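As stored in query_22.txt (compact mmCIF, C-alpha atoms):
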```txt
# COMPACT_ATOMS: atom_id res chain seq x y z
CA MET A 1 -109.89 -64.38 -196.21
CA LYS A 2 -109.57 -67.83 -197.77
CA VAL A 3 -106.18 -68.56 -199.33
CA LEU A 4 -105.38 -71.50 -201.58
CA VAL A 5 -101.79 -72.67 -201.03
CA THR A 6 -100.56 -75.17 -203.59
CA GLY A 7 -97.64 -77.33 -202.55
CA ALA A 8 -98.83 -76.99 -198.94
CA ALA A 9 -96.86 -80.06 -197.86
CA GLY A 10 -93.68 -78.59 -199.33
CA PHE A 11 -90.84 -76.80 -197.57
CA ILE A 12 -91.90 -73.21 -198.29
CA GLY A 13 -95.60 -74.01 -198.52
CA MET A 14 -95.83 -75.36 -194.98
CA HIS A 15 -94.16 -72.30 -193.46
CA ILE A 16 -96.35 -69.85 -195.37
CA ALA A 17 -99.52 -71.76 -194.53
CA GLN A 18 -98.54 -71.65 -190.85
CA ILE A 19 -98.17 -67.86 -190.89
CA LEU A 20 -101.56 -67.44 -192.56
CA LEU A 21 -103.27 -69.85 -190.16
CA LYS A 22 -101.77 -68.19 -187.08
CA ARG A 23 -103.16 -64.83 -188.12
CA GLY A 24 -106.62 -66.31 -188.60
CA GLU A 25 -106.94 -66.85 -192.34
CA LYS A 26 -108.71 -69.88 -193.80
CA VAL A 27 -106.19 -71.96 -195.74
CA VAL A 28 -106.96 -74.64 -198.31
CA GLY A 29 -103.85 -76.64 -199.09
CA ILE A 30 -103.32 -78.94 -202.05
CA ASP A 31 -100.38 -81.26 -202.69
CA ASN A 32 -99.96 -84.46 -204.68
CA LEU A 33 -97.52 -85.90 -202.08
CA ASN A 34 -95.38 -87.42 -204.84
CA ASP A 35 -92.22 -89.42 -204.22
CA TYR A 36 -89.67 -87.00 -205.70
CA TYR A 37 -88.33 -87.25 -202.14
CA ASP A 38 -89.54 -89.19 -199.10
CA PRO A 39 -93.31 -88.55 -198.69
CA CYS A 40 -92.90 -89.16 -194.96
CA LEU A 41 -91.35 -85.70 -194.67
CA LYS A 42 -94.34 -84.20 -196.49
CA HIS A 43 -96.77 -85.95 -194.15
CA ALA A 44 -94.74 -84.70 -191.18
CA ARG A 45 -95.03 -81.13 -192.48
CA LEU A 46 -98.78 -81.55 -192.92
CA ALA A 47 -98.97 -82.71 -189.30
CA GLN A 48 -97.82 -79.20 -188.34
CA LEU A 49 -100.86 -77.72 -190.11
CA THR A 50 -103.73 -80.15 -189.43
CA PRO A 51 -104.26 -79.06 -185.79
CA TYR A 52 -105.50 -75.68 -187.03
CA PRO A 53 -109.32 -75.77 -187.40
CA ASN A 54 -109.14 -73.29 -190.29
CA PHE A 55 -106.93 -75.59 -192.40
CA LYS A 56 -108.29 -77.93 -195.05
CA PHE A 57 -106.09 -80.30 -197.04
CA ILE A 58 -106.82 -81.85 -200.41
CA GLN A 59 -104.53 -84.43 -201.98
CA GLY A 60 -104.46 -83.69 -205.67
CA ASP A 61 -102.32 -82.72 -208.64
CA ILE A 62 -102.46 -79.22 -210.12
CA ALA A 63 -101.73 -80.78 -213.52
CA ASP A 64 -105.13 -82.49 -213.37
CA ARG A 65 -107.51 -80.00 -214.95
CA GLN A 66 -110.72 -81.42 -213.46
CA THR A 67 -109.25 -81.47 -209.96
CA ILE A 68 -108.38 -77.78 -210.17
CA GLU A 69 -111.69 -76.78 -211.74
CA ASP A 70 -113.59 -78.58 -208.98
CA LEU A 71 -111.34 -77.11 -206.29
CA PHE A 72 -111.91 -73.51 -207.37
CA ALA A 73 -115.62 -74.04 -207.89
CA LYS A 74 -116.08 -75.49 -204.42
CA GLU A 75 -113.65 -73.47 -202.30
CA LYS A 76 -113.76 -70.06 -204.03
CA PRO A 77 -110.41 -68.81 -202.65
CA SER A 78 -109.98 -65.05 -202.64
CA ARG A 79 -106.19 -65.30 -203.05
CA VAL A 80 -103.81 -67.99 -204.31
CA ILE A 81 -100.17 -68.78 -203.57
CA ASN A 82 -98.71 -71.26 -206.05
CA LEU A 83 -95.77 -73.16 -204.59
CA ALA A 84 -96.52 -76.49 -206.27
CA ALA A 85 -93.76 -77.20 -208.75
CA GLN A 86 -91.31 -79.81 -209.85
CA ALA A 87 -88.18 -78.39 -208.27
CA GLY A 88 -84.48 -78.96 -208.83
CA VAL A 89 -82.14 -77.98 -211.64
CA ARG A 90 -80.26 -81.27 -211.91
CA TYR A 91 -83.38 -83.46 -211.89
CA SER A 92 -84.68 -81.56 -214.92
CA LEU A 93 -81.89 -83.18 -216.95
CA LYS A 94 -83.22 -86.64 -216.04
CA ASN A 95 -86.98 -86.17 -216.07
CA PRO A 96 -88.00 -83.19 -218.22
CA HIS A 97 -91.62 -84.33 -218.57
CA ALA A 98 -92.22 -83.82 -214.83
CA TYR A 99 -91.41 -80.12 -215.29
CA ILE A 100 -93.62 -79.76 -218.34
CA GLN A 101 -96.59 -81.36 -216.59
CA THR A 102 -96.44 -79.60 -213.23
CA ASN A 103 -94.73 -76.30 -213.98
CA LEU A 104 -96.44 -75.57 -217.30
CA VAL A 105 -99.69 -77.55 -217.54
CA GLY A 106 -100.35 -77.24 -213.80
CA PHE A 107 -99.67 -73.50 -213.77
CA GLY A 108 -101.98 -73.05 -216.75
CA ASN A 109 -104.76 -74.81 -214.84
CA LEU A 110 -104.27 -72.45 -211.88
CA LEU A 111 -104.36 -69.36 -214.09
CA GLU A 112 -107.65 -70.54 -215.55
CA GLY A 113 -109.00 -71.23 -212.07
CA CYS A 114 -108.06 -67.72 -210.93
CA ARG A 115 -109.49 -66.14 -214.07
CA HIS A 116 -112.91 -67.78 -213.81
CA ASN A 117 -113.34 -67.37 -210.06
CA ASP A 118 -112.53 -63.71 -209.43
CA VAL A 119 -109.31 -64.31 -207.49
CA GLU A 120 -107.98 -61.04 -206.07
CA HIS A 121 -104.28 -61.86 -206.31
CA LEU A 122 -102.13 -64.74 -207.54
CA VAL A 123 -98.65 -64.97 -206.03
CA TYR A 124 -96.45 -67.67 -207.55
CA ALA A 125 -92.97 -69.06 -207.09
CA SER A 126 -90.48 -68.23 -209.77
CA SER A 127 -86.76 -68.81 -209.24
CA SER A 128 -83.35 -67.19 -209.30
CA SER A 129 -82.56 -69.83 -211.94
CA VAL A 130 -84.27 -67.66 -214.57
CA TYR A 131 -81.17 -65.43 -214.65
CA GLY A 132 -79.32 -68.29 -216.36
CA ALA A 133 -76.38 -67.05 -218.41
CA ASN A 134 -76.76 -63.49 -217.08
CA THR A 135 -73.51 -62.52 -215.34
CA HIS A 136 -74.55 -59.02 -214.25
CA ARG A 137 -74.77 -59.01 -210.44
CA PRO A 138 -76.63 -58.41 -208.29
CA PHE A 139 -79.44 -59.94 -210.30
CA SER A 140 -82.14 -57.35 -210.93
CA VAL A 141 -85.75 -57.90 -211.97
CA HIS A 142 -85.17 -55.06 -214.43
CA ASP A 143 -82.57 -57.15 -216.30
CA ASN A 144 -83.31 -59.29 -219.33
CA VAL A 145 -83.66 -63.02 -218.53
CA ASP A 146 -84.02 -64.62 -221.95
CA HIS A 147 -81.16 -67.11 -221.66
CA PRO A 148 -82.06 -69.90 -219.18
CA VAL A 149 -79.59 -72.78 -218.86
CA SER A 150 -81.93 -75.52 -217.57
CA LEU A 151 -85.46 -76.69 -218.34
CA TYR A 152 -86.39 -75.90 -214.74
CA ALA A 153 -85.34 -72.27 -215.28
CA ALA A 154 -87.15 -72.15 -218.63
CA SER A 155 -90.36 -73.42 -216.99
CA LYS A 156 -90.17 -70.68 -214.35
CA LYS A 157 -89.55 -68.00 -216.98
CA ALA A 158 -92.54 -69.42 -218.85
CA ASN A 159 -94.66 -69.00 -215.70
CA GLU A 160 -93.79 -65.31 -215.62
CA LEU A 161 -94.80 -64.90 -219.27
CA MET A 162 -98.03 -66.87 -218.79
CA ALA A 163 -98.92 -64.78 -215.73
CA HIS A 164 -98.34 -61.55 -217.64
CA THR A 165 -100.66 -62.71 -220.40
CA TYR A 166 -103.48 -63.28 -217.88
CA SER A 167 -102.78 -59.94 -216.19
CA HIS A 168 -103.01 -58.27 -219.60
CA LEU A 169 -106.01 -60.13 -221.00
CA TYR A 170 -108.16 -60.51 -217.89
CA GLY A 171 -106.86 -57.96 -215.40
CA LEU A 172 -105.76 -60.74 -213.02
CA PRO A 173 -103.27 -59.28 -210.52
CA THR A 174 -100.20 -61.55 -210.47
CA THR A 175 -96.90 -61.34 -208.63
CA GLY A 176 -93.94 -63.63 -209.29
CA LEU A 177 -91.29 -64.19 -206.64
CA ARG A 178 -87.82 -65.26 -207.72
CA TYR A 179 -86.68 -67.29 -204.72
CA PHE A 180 -82.97 -67.47 -203.99
CA THR A 181 -81.54 -70.65 -202.36
CA VAL A 182 -83.86 -71.20 -199.40
CA TYR A 183 -82.71 -73.22 -196.38
CA GLY A 184 -83.81 -73.96 -192.83
CA PRO A 185 -85.92 -76.38 -190.77
CA TRP A 186 -88.15 -78.76 -192.78
CA GLY A 187 -85.94 -78.28 -195.86
CA ARG A 188 -85.76 -80.71 -198.78
CA PRO A 189 -83.47 -83.77 -198.77
CA ASP A 190 -82.20 -82.97 -202.28
CA MET A 191 -80.80 -79.57 -201.24
CA SER A 192 -77.25 -78.87 -200.09
CA PRO A 193 -77.87 -78.37 -196.32
CA TRP A 194 -79.45 -81.82 -196.01
CA LEU A 195 -76.96 -83.49 -198.35
CA PHE A 196 -73.97 -81.99 -196.55
CA THR A 197 -75.29 -82.52 -193.02
CA SER A 198 -76.31 -86.15 -193.51
CA ALA A 199 -73.03 -87.03 -195.24
CA ILE A 200 -70.87 -85.41 -192.54
CA LEU A 201 -72.75 -87.12 -189.70
CA GLU A 202 -72.61 -90.48 -191.48
CA GLY A 203 -68.92 -90.19 -192.42
CA ARG A 204 -69.56 -90.01 -196.16
CA SER A 205 -67.83 -87.58 -198.52
CA ILE A 206 -69.73 -84.57 -199.92
CA ASP A 207 -69.71 -83.55 -203.57
CA VAL A 208 -68.38 -80.02 -204.03
CA PHE A 209 -69.16 -78.85 -207.55
CA ASN A 210 -67.02 -76.43 -209.55
CA HIS A 211 -64.30 -77.24 -207.00
CA GLY A 212 -66.06 -75.00 -204.49
CA ARG A 213 -65.77 -71.86 -206.63
CA MET A 214 -69.45 -71.01 -206.39
CA GLN A 215 -71.59 -68.46 -204.54
CA ARG A 216 -75.20 -68.68 -203.47
CA ASP A 217 -77.54 -66.12 -201.92
CA PHE A 218 -78.63 -68.46 -199.08
CA THR A 219 -81.87 -67.16 -197.52
CA TYR A 220 -83.44 -68.45 -194.31
CA ILE A 221 -86.95 -69.86 -194.55
CA ASP A 222 -88.52 -67.46 -192.01
CA ASP A 223 -87.37 -64.44 -194.03
CA ILE A 224 -88.75 -66.03 -197.21
CA ALA A 225 -92.12 -66.95 -195.70
CA GLN A 226 -92.68 -63.55 -194.08
CA GLY A 227 -91.72 -61.78 -197.30
CA THR A 228 -94.10 -63.91 -199.36
CA VAL A 229 -97.04 -63.14 -197.08
CA ARG A 230 -96.22 -59.42 -197.26
CA VAL A 231 -96.37 -59.67 -201.04
CA LEU A 232 -99.69 -61.53 -200.89
CA ASP A 233 -101.13 -58.63 -198.88
CA ARG A 234 -100.04 -56.08 -201.51
CA THR A 235 -102.07 -56.78 -204.62
CA ALA A 236 -100.14 -56.23 -207.83
CA THR A 237 -100.95 -53.03 -209.70
CA SER A 238 -100.00 -51.55 -213.04
CA ASN A 239 -96.98 -49.27 -213.36
CA PRO A 240 -98.28 -45.83 -214.41
CA ASP A 241 -94.82 -44.92 -215.69
CA PHE A 242 -94.43 -48.03 -217.86
CA PHE A 243 -93.00 -47.08 -221.25
CA THR A 244 -93.59 -49.54 -224.08
CA GLY A 245 -90.72 -48.03 -226.04
CA ALA A 246 -88.28 -49.39 -223.42
CA PRO A 247 -90.30 -52.00 -221.49
CA ASP A 248 -89.27 -52.76 -217.91
CA PRO A 249 -89.20 -56.58 -217.37
CA GLY A 250 -90.06 -56.21 -213.67
CA THR A 251 -93.32 -54.27 -214.06
CA SER A 252 -96.04 -53.70 -216.66
CA TYR A 253 -98.95 -51.58 -217.81
CA ALA A 254 -100.96 -54.61 -216.57
CA PRO A 255 -101.41 -55.51 -212.85
CA TYR A 256 -98.21 -57.57 -212.85
CA ARG A 257 -95.08 -57.55 -210.71
CA ILE A 258 -91.86 -59.54 -210.41
CA TYR A 259 -89.63 -59.44 -207.32
CA ASN A 260 -86.41 -61.04 -206.18
CA ILE A 261 -86.64 -62.48 -202.68
CA GLY A 262 -83.26 -63.35 -201.23
CA ASN A 263 -80.68 -62.30 -198.67
CA HIS A 264 -78.58 -59.99 -200.87
CA GLN A 265 -75.48 -61.46 -199.22
CA PRO A 266 -73.97 -64.19 -201.42
CA VAL A 267 -71.88 -66.78 -199.60
CA GLU A 268 -68.98 -68.82 -200.95
CA LEU A 269 -69.86 -72.51 -201.09
CA MET A 270 -66.79 -73.36 -198.99
CA THR A 271 -67.88 -70.83 -196.33
CA PHE A 272 -71.31 -72.45 -196.26
CA ILE A 273 -69.74 -75.89 -195.79
CA GLN A 274 -67.44 -74.58 -193.06
CA THR A 275 -70.43 -73.10 -191.22
CA ILE A 276 -72.12 -76.50 -191.22
CA GLU A 277 -68.87 -78.18 -190.11
CA LYS A 278 -68.57 -75.74 -187.20
CA ALA A 279 -72.17 -76.28 -186.10
CA LEU A 280 -71.71 -80.06 -186.22
CA GLY A 281 -68.22 -80.08 -184.72
CA GLN A 282 -67.08 -82.35 -187.56
CA GLU A 283 -65.09 -81.82 -190.74
CA ALA A 284 -66.44 -82.96 -194.10
CA ARG A 285 -64.62 -85.27 -196.48
CA LYS A 286 -64.81 -83.40 -199.78
CA ASN A 287 -65.07 -84.78 -203.28
CA TYR A 288 -64.25 -81.90 -205.65
CA LEU A 289 -66.07 -82.08 -208.99
CA PRO A 290 -66.43 -79.88 -212.10
CA MET A 291 -69.46 -77.67 -212.74
CA GLN A 292 -72.67 -79.54 -213.46
CA LYS A 293 -74.80 -78.81 -216.50
CA GLY A 294 -77.59 -76.37 -215.75
CA ASP A 295 -75.83 -74.79 -212.75
CA VAL A 296 -74.69 -71.18 -212.50
CA VAL A 297 -71.51 -69.95 -210.84
CA ALA A 298 -73.06 -67.33 -208.57
CA THR A 299 -76.37 -65.82 -207.49
CA CYS A 300 -77.04 -62.53 -205.73
CA ALA A 301 -80.44 -60.90 -205.30
CA ASP A 302 -81.13 -57.21 -205.72
CA VAL A 303 -84.08 -56.88 -203.32
CA GLU A 304 -84.46 -53.09 -203.32
CA ASP A 305 -87.85 -53.19 -205.07
CA LEU A 306 -89.19 -55.63 -202.48
CA LYS A 307 -87.84 -53.52 -199.63
CA ARG A 308 -89.43 -50.40 -201.08
CA ASP A 309 -92.84 -51.91 -201.83
CA VAL A 310 -93.49 -54.24 -198.86
CA GLY A 311 -90.78 -53.43 -196.31
CA TYR A 312 -88.97 -56.74 -196.84
CA GLU A 313 -85.82 -57.00 -194.73
CA PRO A 314 -84.02 -60.36 -194.33
CA LYS A 315 -82.74 -60.58 -190.76
CA THR A 316 -81.28 -64.06 -190.29
CA SER A 317 -77.51 -64.54 -190.28
CA LEU A 318 -76.05 -67.64 -191.88
CA GLU A 319 -74.61 -68.81 -188.55
CA TYR A 320 -77.94 -68.54 -186.75
CA GLY A 321 -79.84 -70.11 -189.64
CA ILE A 322 -77.48 -73.10 -189.85
CA GLU A 323 -77.68 -73.65 -186.08
CA ARG A 324 -81.49 -73.77 -186.31
CA TRP A 325 -81.25 -76.10 -189.30
CA ILE A 326 -78.89 -78.52 -187.52
CA GLU A 327 -81.05 -78.44 -184.40
CA TRP A 328 -84.14 -79.36 -186.40
CA TYR A 329 -82.35 -82.00 -188.50
CA LYS A 330 -81.07 -83.91 -185.48
CA LYS A 331 -84.48 -83.80 -183.82
CA TYR A 332 -86.31 -84.94 -186.96
CA MET A 333 -83.88 -87.74 -187.77
CA SER A 334 -84.04 -89.08 -184.23
```

Show the structure stored in the file as structure tokens.
Amino acid sequence: MKVLVTGAAGFIGMHIAQILLKRGEKVVGIDNLNDYYDPCLKHARLAQLTPYPNFKFIQGDIADRQTIEDLFAKEKPSRVINLAAQAGVRYSLKNPHAYIQTNLVGFGNLLEGCRHNDVEHLVYASSSSVYGANTHRPFSVHDNVDHPVSLYAASKKANELMAHTYSHLYGLPTTGLRYFTVYGPWGRPDMSPWLFTSAILEGRSIDVFNHGRMQRDFTYIDDIAQGTVRVLDRTATSNPDFFTGAPDPGTSYAPYRIYNIGNHQPVELMTFIQTIEKALGQEARKNYLPMQKGDVVATCADVEDLKRDVGYEPKTSLEYGIERWIEWYKKYMS
């Protein structure tokens, strides 16, 4: 099987590509290696993949239509995992055009590539951010998500709608995964584990938004990567019980599925910080700030559908995950 992994030099993309390569799949990775954060980290991730003879890397942008058309025509992937995206809620307030180009135009190019090249299954990254102003917890894929509170969230909701259209019109099997706060080795510098760890070790204060009164469903990267590959292996199908009189947002009469993928164990932000402090043996200097625009107070994933359909079962405790994160961070930074 040949799998196209977009965002292959990214945090989640690298881990998923590794799993596929280790089990013998051919993987074609594409990434534009932009400077949203230090490209050196992206090159270091790629260095983990290039030793595999069944890995091929192409530097390119999914928002470039000709690049994607040529890629599909030449490589003919049987399955696609789209992890290329402009990430980050707060950055979407500063640079909205980056989200429109990559998350909307780029995703449209991939859908067209899948449509015209008989792709068996498209799995794509959505986000827990789509739940927006929804306060019903745990977040369920069967809930309405029509009130996003950031452009990033709106772009991910748009991906789900675009995918459904292609599933309906062309019978393209698509599965969207709403990722909940992923952390672990090779994580991004703009995410809280890196920000907190680097600040504590360097003696700088950390920003604690909403005065620490927040919860996140922190999920370790290994659990996320394994779950994503399980979903890739289970091609989306139509729901025979779908009732158009009361449509279920998580399924469809078309070959379309949406799943939450998280830990289902939300953690207080202060507990998360304390876990990092304990692993480092140092206390953080804290700068308490109000809630930032675009943020939500709490996230919690209902993952029962994913457990039922693919046997997903997150196994990594926060303490173990943070220890592995700190271990990797110190090694990488040295």

10 Å contact set for stretch 114-125 of chain A, all atoms listed in the file, chain neighbours under 3 positions out, as a ChimeraX atom specification: /A:3-6,12,69,72-73,75-85,107-111,156,159-160,163,166-167,169-179,228-229,231-236,255-258

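If you look at atom CA of A:Thr135 and atom CA of A:Val310, they are 27.2 Å away from each other.
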
Shell around A:Lys307 at 10 Å using only C-alpha atoms, local window under 5 positions removed, as a VMD selection string: chain A and resid 227 259 261 302 312 to 314

Among listed residues A:Met214, A:Cys40, A:Ile322, A:Ile224, nearest A:Leu269 (using only C-alpha atoms):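 The answer is A:Met214, which sits nearest to A:Leu269.
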
Between atom CA of A:Gly212 and atom CA of A:Asp146 - distance in Å to one decimal: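 Separation between atom CA of A:Asp146 and atom CA of A:Gly212: 27.1 Å.
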
Given 5 Å of margin on each side, can you work out the centre and size in Å (one decimal) of an axis-aligned box holding every listed atom of stretch 121-136 of chain A, as JSON?
```
{"center_x": -88.9, "center_y": -64.4, "center_z": -212.2, "size_x": 40.8, "size_y": 20.8, "size_z": 22.4}
```

Atom CA of A:Tyr99 to atom CA of A:His142, distance in Å rounded to a single decimal: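 The value is 25.8 Å.
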
Which residues are near A:Ala225? Cut-off 9 Å, only C-alpha atoms, ignore same chain within fewer than 2 positions. Put them as a PDB file with C-alpha atoms, keeping the file's coordinate frame.
```pdb
ATOM      1  CA  ILE A  12     -91.900 -73.210-198.290  1.00  0.00           C
ATOM      2  CA  GLY A  13     -95.600 -74.010-198.520  1.00  0.00           C
ATOM      3  CA  HIS A  15     -94.160 -72.300-193.460  1.00  0.00           C
ATOM      4  CA  ILE A  16     -96.350 -69.850-195.370  1.00  0.00           C
ATOM      5  CA  ALA A  17     -99.520 -71.760-194.530  1.00  0.00           C
ATOM      6  CA  ILE A  19     -98.170 -67.860-190.890  1.00  0.00           C
ATOM      7  CA  TYR A 220     -83.440 -68.450-194.310  1.00  0.00           C
ATOM      8  CA  ILE A 221     -86.950 -69.860-194.550  1.00  0.00           C
ATOM      9  CA  ASP A 222     -88.520 -67.460-192.010  1.00  0.00           C
ATOM     10  CA  ASP A 223     -87.370 -64.440-194.030  1.00  0.00           C
ATOM     11  CA  GLY A 227     -91.720 -61.780-197.300  1.00  0.00           C
ATOM     12  CA  THR A 228     -94.100 -63.910-199.360  1.00  0.00           C
ATOM     13  CA  VAL A 229     -97.040 -63.140-197.080  1.00  0.00           C
ATOM     14  CA  ARG A 230     -96.220 -59.420-197.260  1.00  0.00           C
TER      15      ARG A 230
END
```

Who sits within 10 Å of A:Tyr91, only C-alpha atoms, same chain under 6 positions skipped, as a PyMOL selection string: chain A and resi 36+98-99+150-152+190+294

Among the residues A:Ala44, A:Leu93, A:Ala9, A:Pro193, the one that comes closest to A:Gly29 [using only C-alpha atoms]: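 Between A:Ala44, A:Leu93, A:Ala9, A:Pro193, the residue approaching A:Gly29 most closely is A:Ala9.
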
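Among the candidates A:Gln265, A:Pro240, A:Met162, A:Lys157, the one nearest to A:Val105 when counting only C-alpha atoms is A:Met162.
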
Local residues around (-94.6, -49.1, -214.2), at most 6 Å away, using only C-alpha atoms, as a JSON list (two decimals) with C-alpha atoms, keeping the file's coordinate frame:
```json
[["chain", "number", "residue", "atom", "x", "y", "z"],
["A", 239, "ASN", "CA", -96.98, -49.27, -213.36],
["A", 240, "PRO", "CA", -98.28, -45.83, -214.41],
["A", 241, "ASP", "CA", -94.82, -44.92, -215.69],
["A", 242, "PHE", "CA", -94.43, -48.03, -217.86],
["A", 251, "THR", "CA", -93.32, -54.27, -214.06],
["A", 252, "SER", "CA", -96.04, -53.70, -216.66]]
```

Shell of 10 Å around A:His211, all atoms listed in the file, local chain residues under 3 positions omitted, as a PyMOL selection string: chain A and resi 207-208+214+269-270+286-291

Grab the residues selected above and save them as a CSV table (one decimal), in the coordinates of the input with C-alpha atoms.
```csv
chain,number,residue,atom,x,y,z
A,207,ASP,CA,-69.7,-83.6,-203.6
A,208,VAL,CA,-68.4,-80.0,-204.0
A,214,MET,CA,-69.4,-71.0,-206.4
A,269,LEU,CA,-69.9,-72.5,-201.1
A,270,MET,CA,-66.8,-73.4,-199.0
A,286,LYS,CA,-64.8,-83.4,-199.8
A,287,ASN,CA,-65.1,-84.8,-203.3
A,288,TYR,CA,-64.2,-81.9,-205.6
A,289,LEU,CA,-66.1,-82.1,-209.0
A,290,PRO,CA,-66.4,-79.9,-212.1
A,291,MET,CA,-69.5,-77.7,-212.7
```

Nearest residue to A:His43 from the set A:Ile100, A:Gln66, A:Phe55, A:Gly10 (distances using only C-alpha atoms):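 Smallest distance to A:His43 is found for A:Gly10.
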
Minimum-distance residue to A:Lys94, chosen among A:His164, A:Ala279, A:Arg204, A:Lys293 (using all atoms listed in the file):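 Nearest to A:Lys94: A:Lys293.
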
Nearest-residue call for A:Leu71, choices A:Leu280, A:Leu318, A:Ile200, A:Ile58, using all atoms listed in the file: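 Of A:Leu280, A:Leu318, A:Ile200, A:Ile58, the one nearest A:Leu71 is A:Ile58, counting all atoms listed in the file.
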
Some atoms are missing, so please complete stretch 185-201 of chain A with N, CA and C atoms and return it as a PDB file, in the coordinates of the input.
```pdb
ATOM      1  N   PRO A 185     -85.159 -75.231-191.248  1.00  0.00           N
ATOM      2  CA  PRO A 185     -85.920 -76.380-190.770  1.00  0.00           C
ATOM      3  C   PRO A 185     -87.011 -76.811-191.756  1.00  0.00           C
ATOM      4  N   TRP A 186     -87.187 -78.117-191.886  1.00  0.00           N
ATOM      5  CA  TRP A 186     -88.150 -78.760-192.780  1.00  0.00           C
ATOM      6  C   TRP A 186     -87.735 -78.669-194.244  1.00  0.00           C
ATOM      7  N   GLY A 187     -86.430 -78.377-194.495  1.00  0.00           N
ATOM      8  CA  GLY A 187     -85.940 -78.280-195.860  1.00  0.00           C
ATOM      9  C   GLY A 187     -85.944 -79.601-196.602  1.00  0.00           C
ATOM     10  N   ARG A 188     -85.675 -79.530-197.918  1.00  0.00           N
ATOM     11  CA  ARG A 188     -85.760 -80.710-198.780  1.00  0.00           C
ATOM     12  C   ARG A 188     -84.495 -81.553-198.706  1.00  0.00           C
ATOM     13  N   PRO A 189     -84.640 -82.888-198.807  1.00  0.00           N
ATOM     14  CA  PRO A 189     -83.470 -83.770-198.770  1.00  0.00           C
ATOM     15  C   PRO A 189     -82.553 -83.670-199.979  1.00  0.00           C
ATOM     16  N   ASP A 190     -83.028 -83.073-201.084  1.00  0.00           N
ATOM     17  CA  ASP A 190     -82.200 -82.970-202.280  1.00  0.00           C
ATOM     18  C   ASP A 190     -81.397 -81.675-202.312  1.00  0.00           C
ATOM     19  N   MET A 191     -81.522 -80.841-201.271  1.00  0.00           N
ATOM     20  CA  MET A 191     -80.800 -79.570-201.240  1.00  0.00           C
ATOM     21  C   MET A 191     -79.530 -79.677-200.407  1.00  0.00           C
ATOM     22  N   SER A 192     -78.602 -78.753-200.647  1.00  0.00           N
ATOM     23  CA  SER A 192     -77.250 -78.870-200.090  1.00  0.00           C
ATOM     24  C   SER A 192     -77.192 -78.969-198.562  1.00  0.00           C
ATOM     25  N   PRO A 193     -77.988 -78.221-197.778  1.00  0.00           N
ATOM     26  CA  PRO A 193     -77.870 -78.370-196.320  1.00  0.00           C
ATOM     27  C   PRO A 193     -78.110 -79.796-195.852  1.00  0.00           C
ATOM     28  N   TRP A 194     -79.140 -80.433-196.390  1.00  0.00           N
ATOM     29  CA  TRP A 194     -79.450 -81.820-196.010  1.00  0.00           C
ATOM     30  C   TRP A 194     -78.371 -82.766-196.513  1.00  0.00           C
ATOM     31  N   LEU A 195     -77.978 -82.607-197.774  1.00  0.00           N
ATOM     32  CA  LEU A 195     -76.960 -83.490-198.350  1.00  0.00           C
ATOM     33  C   LEU A 195     -75.648 -83.404-197.581  1.00  0.00           C
ATOM     34  N   PHE A 196     -75.226 -82.179-197.263  1.00  0.00           N
ATOM     35  CA  PHE A 196     -73.970 -81.990-196.550  1.00  0.00           C
ATOM     36  C   PHE A 196     -74.061 -82.508-195.114  1.00  0.00           C
ATOM     37  N   THR A 197     -75.146 -82.153-194.425  1.00  0.00           N
ATOM     38  CA  THR A 197     -75.290 -82.520-193.020  1.00  0.00           C
ATOM     39  C   THR A 197     -75.357 -84.033-192.847  1.00  0.00           C
ATOM     40  N   SER A 198     -76.172 -84.690-193.645  1.00  0.00           N
ATOM     41  CA  SER A 198     -76.310 -86.150-193.510  1.00  0.00           C
ATOM     42  C   SER A 198     -75.001 -86.853-193.832  1.00  0.00           C
ATOM     43  N   ALA A 199     -74.290 -86.389-194.860  1.00  0.00           N
ATOM     44  CA  ALA A 199     -73.030 -87.030-195.240  1.00  0.00           C
ATOM     45  C   ALA A 199     -71.968 -86.859-194.148  1.00  0.00           C
ATOM     46  N   ILE A 200     -71.875 -85.659-193.581  1.00  0.00           N
ATOM     47  CA  ILE A 200     -70.870 -85.410-192.540  1.00  0.00           C
ATOM     48  C   ILE A 200     -71.152 -86.283-191.313  1.00  0.00           C
ATOM     49  N   LEU A 201     -72.392 -86.341-190.889  1.00  0.00           N
ATOM     50  CA  LEU A 201     -72.750 -87.120-189.700  1.00  0.00           C
ATOM     51  C   LEU A 201     -72.568 -88.621-189.918  1.00  0.00           C
TER      52      LEU A 201
END
```
